[in-house]
Structures are given as structure tokens and as C-alpha cells.
$ cat upload-v1.tsv   # TSV, C-alpha atoms and all ligand atoms
chain	number	residue	atom	x	y	z
A	13	MET	CA	-17.48	-22.85	3.00
A	14	SER	CA	-13.99	-24.27	3.25
A	15	GLU	CA	-10.87	-22.14	2.94
A	16	GLU	CA	-9.87	-24.47	0.14
A	17	SER	CA	-12.73	-23.35	-2.06
A	18	ARG	CA	-12.21	-19.71	-1.16
A	19	TYR	CA	-8.71	-19.66	-2.64
A	20	SER	CA	-9.01	-22.44	-5.21
A	21	ARG	CA	-8.83	-20.12	-8.24
A	22	GLN	CA	-5.48	-18.67	-7.21
A	23	ILE	CA	-4.10	-21.99	-5.94
A	24	LEU	CA	-4.49	-23.18	-9.54
A	25	LEU	CA	-1.58	-20.93	-10.46
A	26	PRO	CA	1.88	-22.51	-10.43
A	27	GLN	CA	3.22	-19.26	-8.92
A	28	ILE	CA	0.93	-19.68	-5.91
A	29	GLY	CA	-0.26	-23.26	-5.36
A	30	GLU	CA	-0.86	-24.72	-1.88
A	31	GLN	CA	2.63	-23.69	-0.77
A	32	GLY	CA	2.22	-20.10	-1.86
A	33	GLN	CA	-1.19	-19.88	-0.25
A	34	LYS	CA	0.31	-21.09	3.02
A	35	ARG	CA	3.03	-18.51	2.64
A	36	LEU	CA	0.45	-15.75	2.18
A	37	ALA	CA	-1.46	-17.00	5.24
A	38	GLU	CA	1.71	-16.76	7.33
A	39	SER	CA	2.52	-13.23	6.11
A	40	THR	CA	1.91	-9.83	7.64
A	41	ALA	CA	1.47	-6.65	5.60
A	42	ALA	CA	1.32	-3.12	7.00
A	43	VAL	CA	-0.77	-0.70	4.97
A	44	ILE	CA	-0.26	2.97	5.74
A	45	GLY	CA	-3.34	4.93	4.76
A	46	CYS	CA	-6.83	3.48	4.39
A	47	GLY	CA	-7.91	5.88	1.65
A	48	GLY	CA	-8.09	5.83	-2.15
A	49	LEU	CA	-5.06	3.56	-2.58
A	50	GLY	CA	-5.53	1.72	0.70
A	51	ALA	CA	-9.01	0.58	-0.32
A	52	PRO	CA	-7.94	-1.56	-3.32
A	53	VAL	CA	-4.71	-2.65	-1.60
A	54	LEU	CA	-6.43	-3.80	1.58
A	55	THR	CA	-9.34	-5.42	-0.21
A	56	SER	CA	-7.07	-7.33	-2.62
A	57	LEU	CA	-4.74	-8.55	0.13
A	58	ALA	CA	-7.58	-9.52	2.47
A	59	LEU	CA	-9.45	-11.45	-0.20
A	60	ALA	CA	-6.22	-13.16	-1.31
A	61	GLY	CA	-5.74	-14.48	2.22
A	62	VAL	CA	-2.74	-12.52	3.47
A	63	GLY	CA	-2.86	-13.76	7.07
A	64	LYS	CA	-2.38	-10.55	8.97
A	65	LEU	CA	-3.01	-6.96	7.90
A	66	ARG	CA	-2.04	-3.94	9.97
A	67	LEU	CA	-4.17	-0.92	9.08
A	68	ILE	CA	-2.62	2.44	9.93
A	69	ASP	CA	-4.68	5.62	9.59
A	70	HIS	CA	-5.46	8.44	12.01
A	71	ASP	CA	-8.14	10.03	9.84
A	72	ARG	CA	-11.92	10.09	9.98
A	73	ILE	CA	-14.28	9.56	7.05
A	74	GLY	CA	-15.29	12.71	5.16
A	75	LEU	CA	-17.78	13.22	2.34
A	76	SER	CA	-15.02	14.10	-0.16
A	77	ASN	CA	-13.45	10.67	0.46
A	78	LEU	CA	-16.40	8.84	-1.03
A	79	ASN	CA	-15.52	9.40	-4.72
A	80	ARG	CA	-12.79	6.80	-4.34
A	81	GLN	CA	-12.62	5.26	-0.87
A	82	PHE	CA	-15.06	2.41	-1.39
A	83	LEU	CA	-14.47	0.88	2.05
A	84	TYR	CA	-16.82	3.49	3.52
A	85	GLU	CA	-20.52	4.27	3.45
A	86	GLU	CA	-22.48	7.50	3.70
A	87	SER	CA	-23.72	6.37	7.10
A	88	GLU	CA	-20.14	6.22	8.41
A	89	LEU	CA	-19.15	9.88	8.02
A	90	ASP	CA	-16.88	11.11	10.82
A	91	LYS	CA	-16.07	7.61	12.04
A	92	GLU	CA	-12.48	6.36	12.32
A	93	LYS	CA	-11.27	5.03	8.98
A	94	CYS	CA	-9.12	2.18	10.25
A	95	GLU	CA	-11.94	0.73	12.37
A	96	ARG	CA	-14.53	0.99	9.58
A	97	ALA	CA	-12.04	-0.41	7.05
A	98	ALA	CA	-11.32	-3.38	9.32
A	99	ASP	CA	-15.06	-4.00	9.64
A	100	PHE	CA	-15.47	-3.94	5.83
A	101	LEU	CA	-12.63	-6.44	5.43
A	102	ARG	CA	-13.72	-8.69	8.31
A	103	ARG	CA	-17.13	-9.16	6.71
A	104	ARG	CA	-15.42	-10.33	3.50
A	105	ASN	CA	-12.78	-12.58	5.02
A	106	SER	CA	-13.20	-13.67	8.63
A	107	GLY	CA	-10.19	-15.98	8.34
A	108	ILE	CA	-7.52	-13.30	8.57
A	109	VAL	CA	-6.24	-11.17	11.45
A	110	LEU	CA	-6.78	-7.40	11.26
A	111	GLU	CA	-4.84	-5.03	13.48
A	112	THR	CA	-5.92	-1.40	13.61
A	113	VAL	CA	-3.67	1.49	14.48
A	114	CYS	CA	-5.68	4.74	14.55
A	115	GLU	CA	-2.59	6.96	14.70
A	116	ARG	CA	-0.75	9.13	12.23
A	117	LEU	CA	2.60	7.60	11.30
A	118	THR	CA	5.36	9.91	12.54
A	119	GLU	CA	9.12	9.87	12.75
A	120	GLU	CA	8.85	8.82	16.41
A	121	ASN	CA	6.35	5.97	16.08
A	122	ALA	CA	7.21	4.64	12.59
A	123	GLY	CA	9.66	2.02	13.84
A	124	ARG	CA	7.17	0.68	16.38
A	125	LEU	CA	4.14	0.74	14.06
A	126	LEU	CA	5.97	-0.99	11.22
A	127	SER	CA	7.95	-3.60	13.12
A	128	GLY	CA	7.33	-7.31	12.65
A	129	VAL	CA	5.86	-7.13	9.15
A	130	ASP	CA	6.97	-8.77	5.90
A	131	VAL	CA	6.03	-5.91	3.59
A	132	ILE	CA	4.95	-2.29	3.95
A	133	VAL	CA	2.55	-0.63	1.51
A	134	ASP	CA	2.62	3.15	1.37
A	135	CYS	CA	-0.83	4.51	0.49
A	136	VAL	CA	-0.60	8.09	1.76
A	137	ASP	CA	-0.48	11.42	-0.04
A	138	ARG	CA	1.66	13.37	2.45
A	139	VAL	CA	5.31	13.74	1.47
A	140	GLU	CA	6.32	13.88	5.14
A	141	THR	CA	4.59	10.59	6.02
A	142	ARG	CA	6.15	8.94	2.95
A	143	ARG	CA	9.58	9.96	4.17
A	144	HIS	CA	9.00	8.50	7.63
A	145	ALA	CA	7.64	5.28	6.11
A	146	GLY	CA	10.57	4.99	3.68
A	147	ARG	CA	13.19	5.63	6.34
A	148	ALA	CA	11.57	3.20	8.80
A	149	ALA	CA	11.39	0.52	6.09
A	150	ARG	CA	15.09	0.97	5.52
A	151	ARG	CA	15.95	0.74	9.23
A	152	LEU	CA	13.79	-2.37	9.57
A	153	SER	CA	15.00	-3.84	6.25
A	154	VAL	CA	11.46	-4.49	5.08
A	155	PRO	CA	10.45	-4.21	1.40
A	156	LEU	CA	8.22	-1.24	0.68
A	157	VAL	CA	5.67	-0.72	-2.09
A	158	GLU	CA	5.21	2.94	-2.91
A	159	GLY	CA	2.23	4.25	-4.86
A	160	GLY	CA	0.80	7.67	-5.56
A	161	VAL	CA	-1.90	9.34	-7.61
A	162	HIS	CA	-2.52	12.84	-8.86
A	163	GLY	CA	-5.66	13.23	-10.92
A	164	PHE	CA	-5.41	10.93	-13.93
A	165	TYR	CA	-1.72	10.16	-13.22
A	166	GLY	CA	-0.26	7.56	-10.91
A	167	PHE	CA	2.92	5.62	-10.19
A	168	VAL	CA	4.15	2.49	-8.43
A	169	LEU	CA	7.69	1.76	-7.21
A	170	SER	CA	8.86	-1.09	-5.03
A	171	VAL	CA	11.88	-0.57	-2.80
A	172	LEU	CA	14.25	-3.22	-1.48
A	173	PRO	CA	16.12	-1.42	1.33
A	174	GLY	CA	19.86	-1.27	0.81
A	175	LYS	CA	19.55	-2.63	-2.72
A	176	SER	CA	17.24	-0.57	-4.92
A	177	ALA	CA	16.44	3.14	-5.24
A	178	CYS	CA	14.05	4.63	-2.72
A	179	LEU	CA	11.52	7.34	-3.47
A	180	GLU	CA	13.85	9.99	-2.03
A	181	CYS	CA	16.52	8.98	-4.56
A	182	VAL	CA	14.06	10.21	-7.19
A	183	THR	CA	12.17	13.01	-5.46
A	184	ALA	CA	14.81	14.56	-3.19
A	185	GLN	CA	13.43	18.07	-3.06
A	186	GLU	CA	9.75	17.39	-3.51
A	187	ALA	CA	7.76	20.03	-1.70
A	188	GLU	CA	4.53	19.34	0.12
A	189	GLU	CA	1.55	20.09	-2.07
A	190	ARG	CA	-0.79	22.73	-0.75
A	191	GLY	CA	-4.42	21.82	-0.44
A	192	PRO	CA	-6.13	18.58	-1.36
A	193	VAL	CA	-4.57	16.40	-4.06
A	194	PRO	CA	-6.90	15.91	-7.04
A	195	ALA	CA	-7.96	12.27	-7.22
A	196	VAL	CA	-9.92	10.13	-9.68
A	197	GLY	CA	-11.32	7.02	-8.01
A	198	ALA	CA	-10.71	4.74	-10.99
A	199	VAL	CA	-7.05	5.81	-11.21
A	200	ALA	CA	-6.57	5.12	-7.49
A	201	GLY	CA	-8.10	1.72	-8.23
A	202	VAL	CA	-5.52	1.05	-10.97
A	203	ILE	CA	-2.55	2.09	-8.86
A	204	GLY	CA	-3.75	0.42	-5.66
A	205	SER	CA	-4.34	-2.83	-7.56
A	206	LEU	CA	-0.81	-2.67	-8.99
A	207	GLN	CA	0.56	-2.13	-5.47
A	208	ALA	CA	-1.36	-5.20	-4.27
A	209	VAL	CA	0.15	-7.30	-7.10
A	210	GLU	CA	3.64	-6.09	-6.14
A	211	CYS	CA	2.92	-6.98	-2.55
A	212	MET	CA	1.84	-10.51	-3.44
A	213	LYS	CA	4.95	-11.04	-5.58
A	214	ILE	CA	7.15	-9.92	-2.69
A	215	LEU	CA	5.35	-12.18	-0.20
A	216	LEU	CA	5.45	-15.14	-2.58
A	217	GLY	CA	9.11	-14.59	-3.42
A	218	LEU	CA	8.37	-14.16	-7.12
A	219	PRO	CA	10.77	-12.38	-9.49
A	220	HIS	CA	10.27	-9.20	-11.50
A	221	VAL	CA	9.24	-7.00	-8.58
A	222	LEU	CA	9.33	-3.31	-9.57
A	223	TYR	CA	12.64	-2.70	-7.76
A	224	GLY	CA	14.47	0.14	-9.51
A	225	ARG	CA	11.65	0.47	-12.02
A	226	MET	CA	8.98	3.11	-11.56
A	227	LEU	CA	5.80	2.22	-13.41
A	228	GLN	CA	3.88	5.33	-14.33
A	229	TYR	CA	0.29	5.42	-15.54
A	230	ASP	CA	-1.23	8.26	-17.48
A	231	GLY	CA	-4.95	7.67	-17.61
A	232	LEU	CA	-5.58	10.58	-19.95
A	233	TYR	CA	-3.34	9.08	-22.64
A	234	GLY	CA	-4.08	5.49	-21.67
A	235	GLU	CA	-0.37	4.87	-21.33
A	236	PHE	CA	1.95	2.94	-19.03
A	237	THR	CA	5.61	4.02	-18.95
A	238	GLU	CA	8.45	2.29	-17.13
A	239	VAL	CA	11.16	4.63	-15.87
A	240	PRO	CA	14.40	3.14	-14.51
A	241	VAL	CA	15.36	4.71	-11.19
A	242	HIS	CA	18.84	4.56	-9.75
A	243	VAL	CA	20.25	4.85	-6.27
A	244	ARG	CA	21.42	8.44	-5.74
A	245	PRO	CA	24.78	8.25	-3.92
A	246	ASP	CA	24.03	11.26	-1.70
A	247	CYS	CA	20.51	10.07	-0.81
A	248	ILE	CA	19.66	9.54	2.83
A	249	CYS	CA	19.10	5.86	2.06
A	250	GLN	CA	22.84	5.54	1.40
A	251	SER	CA	23.97	7.02	4.71
B	301	ZN	ZN	17.34	6.78	-1.68
$ encode --input "upload-v1.tsv" --output "C-alpha cells"
Amino acid sequence: MSEESRYSRQILLPQIGEQGQKRLAESTAAVIGCGGLGAPVLTSLALAGVGKLRLIDHDRIGLSNLNRQFLYEESELDKEKCERAADFLRRRNSGIVLETVCERLTEENAGRLLSGVDVIVDCVDRVETRRHAGRAARRLSVPLVEGGVHGFYGFVLSVLPGKSACLECVTAQEAEERGPVPAVGAVAGVIGSLQAVECMKILLGLPHVLYGRMLQYDGLYGEFTEVPVHVRPDCICQS
């Protein structure tokens, strides 16, 4: 099987073509969190031929992950997520490079873990980790694709550091949720897929990235809403 036939359906697109495919192959994406959002993001980017993926997750596979985290099998309970996720992806595309970082992203290590990438995809549900990811993306001047889910609701927002609003411009005082966040697998699939599309647009240099536009999805109403978000002058991203 040649690489040409693997990607031929997307190379047909004028927005991708041979040039775009080469660009994807030369790109590196960091994905923080290999869970409900990470699964569709990683799978989409790996299958599309993004040349290098850095998987960051400190967690181990639990039974309650399996309603949405399709990278994992029942036989893999308690194993390290990033290693199992890399194995899942490797068996589907052996032509890309997979780096695994089985650590929790913290304020101290964020700069190191996220350096040298072209785009960062935030697929975590901890407010604290989001903050570290957002602030590191700003310091490194790397575009960031935020995504989150809560039950039947989800959102996507892309951030161009120094130019467009960050998540903290919008959710300055957001408190950490207590206990597990409710999650519907299909909704995580919707949001993670949207994040992967944003990521591809950023890597391909295409217009209309969701910078300054938060796309919200309400699965219960079957409704997408676009909310403009503006840089907050006293946000940390402006200091
Ligand atoms: Zn901000």
C-alpha cells in the first residue's frame, strides 16, 4: 500500500493537494489528554497523516473511561493511556512518528512538554491543566485548539496567542468542578472531531479558523451557536 493511495481522497481537495499533504507530514501536533476528546482528535490527525504527534497523559485506563474513550479495550484496564493510545494509532498508521509523555502537564513542565510543536490541542477536563496549557501556548507563541464537553454540551475555541481571545478571557473565575464531569461519548466525538478540523486548518494555513469565535454545541437541542469572544484587557494573556 503506497502512501499515495492512503491519502488520495484528501489530496483531491484543492485546500490540501500534494503540497498540503506534505505540509501535514512535516507538522507536529501536541495533544494534551488521551481521553474522550483526545480519542477523536488523535485518530483523525493520525489517519490524516500529521507527521508527528506528541501524546501527553499521565492517567491509566479505568472502566468508566470506556463509554467514550474508544482508543482502549477492556483488556487494557489500568495500563498507561498514552502508551496504549500510541499503540492503537501505530497499528492504523505506521508512517507517522508518535511521542509519548506519560506525565501530567504542570506549570513547571508545560514549556518543555509543549516546545517544538506547530499546534497544541487541549483535550483535558481540569481547569488547572487548561490554564497551564494556555499560558505555555502563549509563551511559546503556538496556536492552541481548546475543546470541552459537559454532558450533552460542548464547545470549541481556537486561540492565536497575542492576537485572539484565550479561554481565560472568557472564563476568568471558573472554579474547578468537583467530582467527575458528566460525559456522553457521542458528544465528545462531535467536539473532538471539530478540534481535529481546526487543527488541520491551522496546519494547512487555511482561513476561517475559530479565532475569537467560540462554537458551542447543544446536543439536547441539536443546535450549534457561535459566540464571539473578545480579548479581555485585564486578562493574563495581555500581561
Ligand atoms: Zn486572555
$ residues_around --input "upload-v1.tsv" --residues "region 212-214 of chain A" --least-positions-apart "3" --cutoff "9 Å" --atoms "only C-alpha atoms" --output "list in words"
Leu36, Leu57, Ala60, Val62, Asp130, Val131, Pro155, Gln207, Ala208, Val209, Gly217, Leu218, Pro219, His220 and Val221 of chain A
$ closest_atom_pairs --input "upload-v1.tsv" --of "chain A" --to "ligand ZN 301 (chain B)" --cutoff "12 Å" --atoms "all atoms listed in the file" --output "Markdown table"
| residue | atom | partner | partner_atom | distance |
| --- | --- | --- | --- | --- |
| A:Arg143 | CA | B:ZN301 | ZN | 10.2 |
| A:Gly146 | CA | B:ZN301 | ZN | 8.8 |
| A:Arg147 | CA | B:ZN301 | ZN | 9.1 |
| A:Ala149 | CA | B:ZN301 | ZN | 11.6 |
| A:Arg150 | CA | B:ZN301 | ZN | 9.5 |
| A:Val171 | CA | B:ZN301 | ZN | 9.2 |
| A:Leu172 | CA | B:ZN301 | ZN | 10.5 |
| A:Pro173 | CA | B:ZN301 | ZN | 8.8 |
| A:Gly174 | CA | B:ZN301 | ZN | 8.8 |
| A:Lys175 | CA | B:ZN301 | ZN | 9.7 |
| A:Ser176 | CA | B:ZN301 | ZN | 8.0 |
| A:Ala177 | CA | B:ZN301 | ZN | 5.2 |
| A:Cys178 | CA | B:ZN301 | ZN | 4.1 |
| A:Leu179 | CA | B:ZN301 | ZN | 6.1 |
| A:Glu180 | CA | B:ZN301 | ZN | 4.8 |
| A:Cys181 | CA | B:ZN301 | ZN | 3.7 |
| A:Val182 | CA | B:ZN301 | ZN | 7.3 |
| A:Thr183 | CA | B:ZN301 | ZN | 8.9 |
| A:Ala184 | CA | B:ZN301 | ZN | 8.3 |
| A:Gly224 | CA | B:ZN301 | ZN | 10.7 |
| A:Val241 | CA | B:ZN301 | ZN | 9.9 |
| A:His242 | CA | B:ZN301 | ZN | 8.5 |
| A:Val243 | CA | B:ZN301 | ZN | 5.8 |
| A:Arg244 | CA | B:ZN301 | ZN | 6.0 |
| A:Pro245 | CA | B:ZN301 | ZN | 7.9 |
| A:Asp246 | CA | B:ZN301 | ZN | 8.1 |
| A:Cys247 | CA | B:ZN301 | ZN | 4.7 |
| A:Ile248 | CA | B:ZN301 | ZN | 5.8 |
| A:Cys249 | CA | B:ZN301 | ZN | 4.2 |
| A:Gln250 | CA | B:ZN301 | ZN | 6.4 |
| A:Ser251 | CA | B:ZN301 | ZN | 9.2 |
$ atom_distance --input "upload-v1.tsv" --atom1 "CA of Arg18 (chain A)" --atom2 "CA of Asn105 (chain A)"
9.5 Å
$ closest_residue --input "upload-v1.tsv" --among "A:Ala42, A:Leu222, A:Val161, A:Leu110" --to "Pro192 (chain A)" --atoms "all atoms listed in the file"
A:Val161
$ residues_near_point --input "upload-v1.tsv" --point "(2.3, 11.4, 15.5)" --cutoff "12 Å" --atoms "only C-alpha atoms" --output "PyMOL selection string"
chain A and resi 68-71+113-122+124-125+140-141+144
$ residues_around --input "upload-v1.tsv" --residues "region 50-55 of chain A" --least-positions-apart "2" --cutoff "7 Å" --atoms "all atoms listed in the file" --output "compact mmCIF listing (two decimals) with C-alpha atoms, in the frame of the given file"
# COMPACT_ATOMS: atom_id res chain seq x y z
CA VAL A 43 -0.77 -0.70 4.97
CA GLY A 45 -3.34 4.93 4.76
CA CYS A 46 -6.83 3.48 4.39
CA GLY A 47 -7.91 5.88 1.65
CA GLY A 48 -8.09 5.83 -2.15
CA LEU A 57 -4.74 -8.55 0.13
CA ALA A 58 -7.58 -9.52 2.47
CA LEU A 59 -9.45 -11.45 -0.20
CA GLN A 81 -12.62 5.26 -0.87
CA PHE A 82 -15.06 2.41 -1.39
CA LEU A 83 -14.47 0.88 2.05
CA LEU A 101 -12.63 -6.44 5.43
CA CYS A 135 -0.83 4.51 0.49
CA GLY A 201 -8.10 1.72 -8.23
CA GLY A 204 -3.75 0.42 -5.66
CA SER A 205 -4.34 -2.83 -7.56
CA GLN A 207 0.56 -2.13 -5.47
CA ALA A 208 -1.36 -5.20 -4.27
$ residues_around --input "upload-v1.tsv" --residues "Asp134 (chain A)" --least-positions-apart "5" --cutoff "8 Å" --atoms "all atoms listed in the file" --output "tab-separated table (two decimals) with C-alpha atoms, in the coordinates of the input"
chain	number	residue	atom	x	y	z
A	43	VAL	CA	-0.77	-0.70	4.97
A	44	ILE	CA	-0.26	2.97	5.74
A	45	GLY	CA	-3.34	4.93	4.76
A	142	ARG	CA	6.15	8.94	2.95
A	145	ALA	CA	7.64	5.28	6.11
A	156	LEU	CA	8.22	-1.24	0.68
A	157	VAL	CA	5.67	-0.72	-2.09
A	158	GLU	CA	5.21	2.94	-2.91
A	159	GLY	CA	2.23	4.25	-4.86
$ atom_distance --input "upload-v1.tsv" --atom1 "CA of Ala200 (chain A)" --atom2 "CA of Thr40 (chain A)"
22.9 Å
$ atom_distance --input "upload-v1.tsv" --atom1 "CA of Cys211 (chain A)" --atom2 "CA of Ile28 (chain A)"
13.3 Å
$ closest_residue --input "upload-v1.tsv" --among "A:Glu188, A:Glu210, A:Asp230, A:Glu111" --to "Tyr165 (chain A)" --atoms "only C-alpha atoms"
A:Asp230
$ closest_residue --input "upload-v1.tsv" --among "A:Phe164, A:Arg104, A:Asn79, A:Lys64" --to "Gly234 (chain A)" --atoms "all atoms listed in the file"
A:Phe164
$ closest_residue --input "upload-v1.tsv" --among "A:Arg151, A:Asp99, A:Leu49, A:Leu216" --to "Val133 (chain A)" --atoms "only C-alpha atoms"
A:Leu49
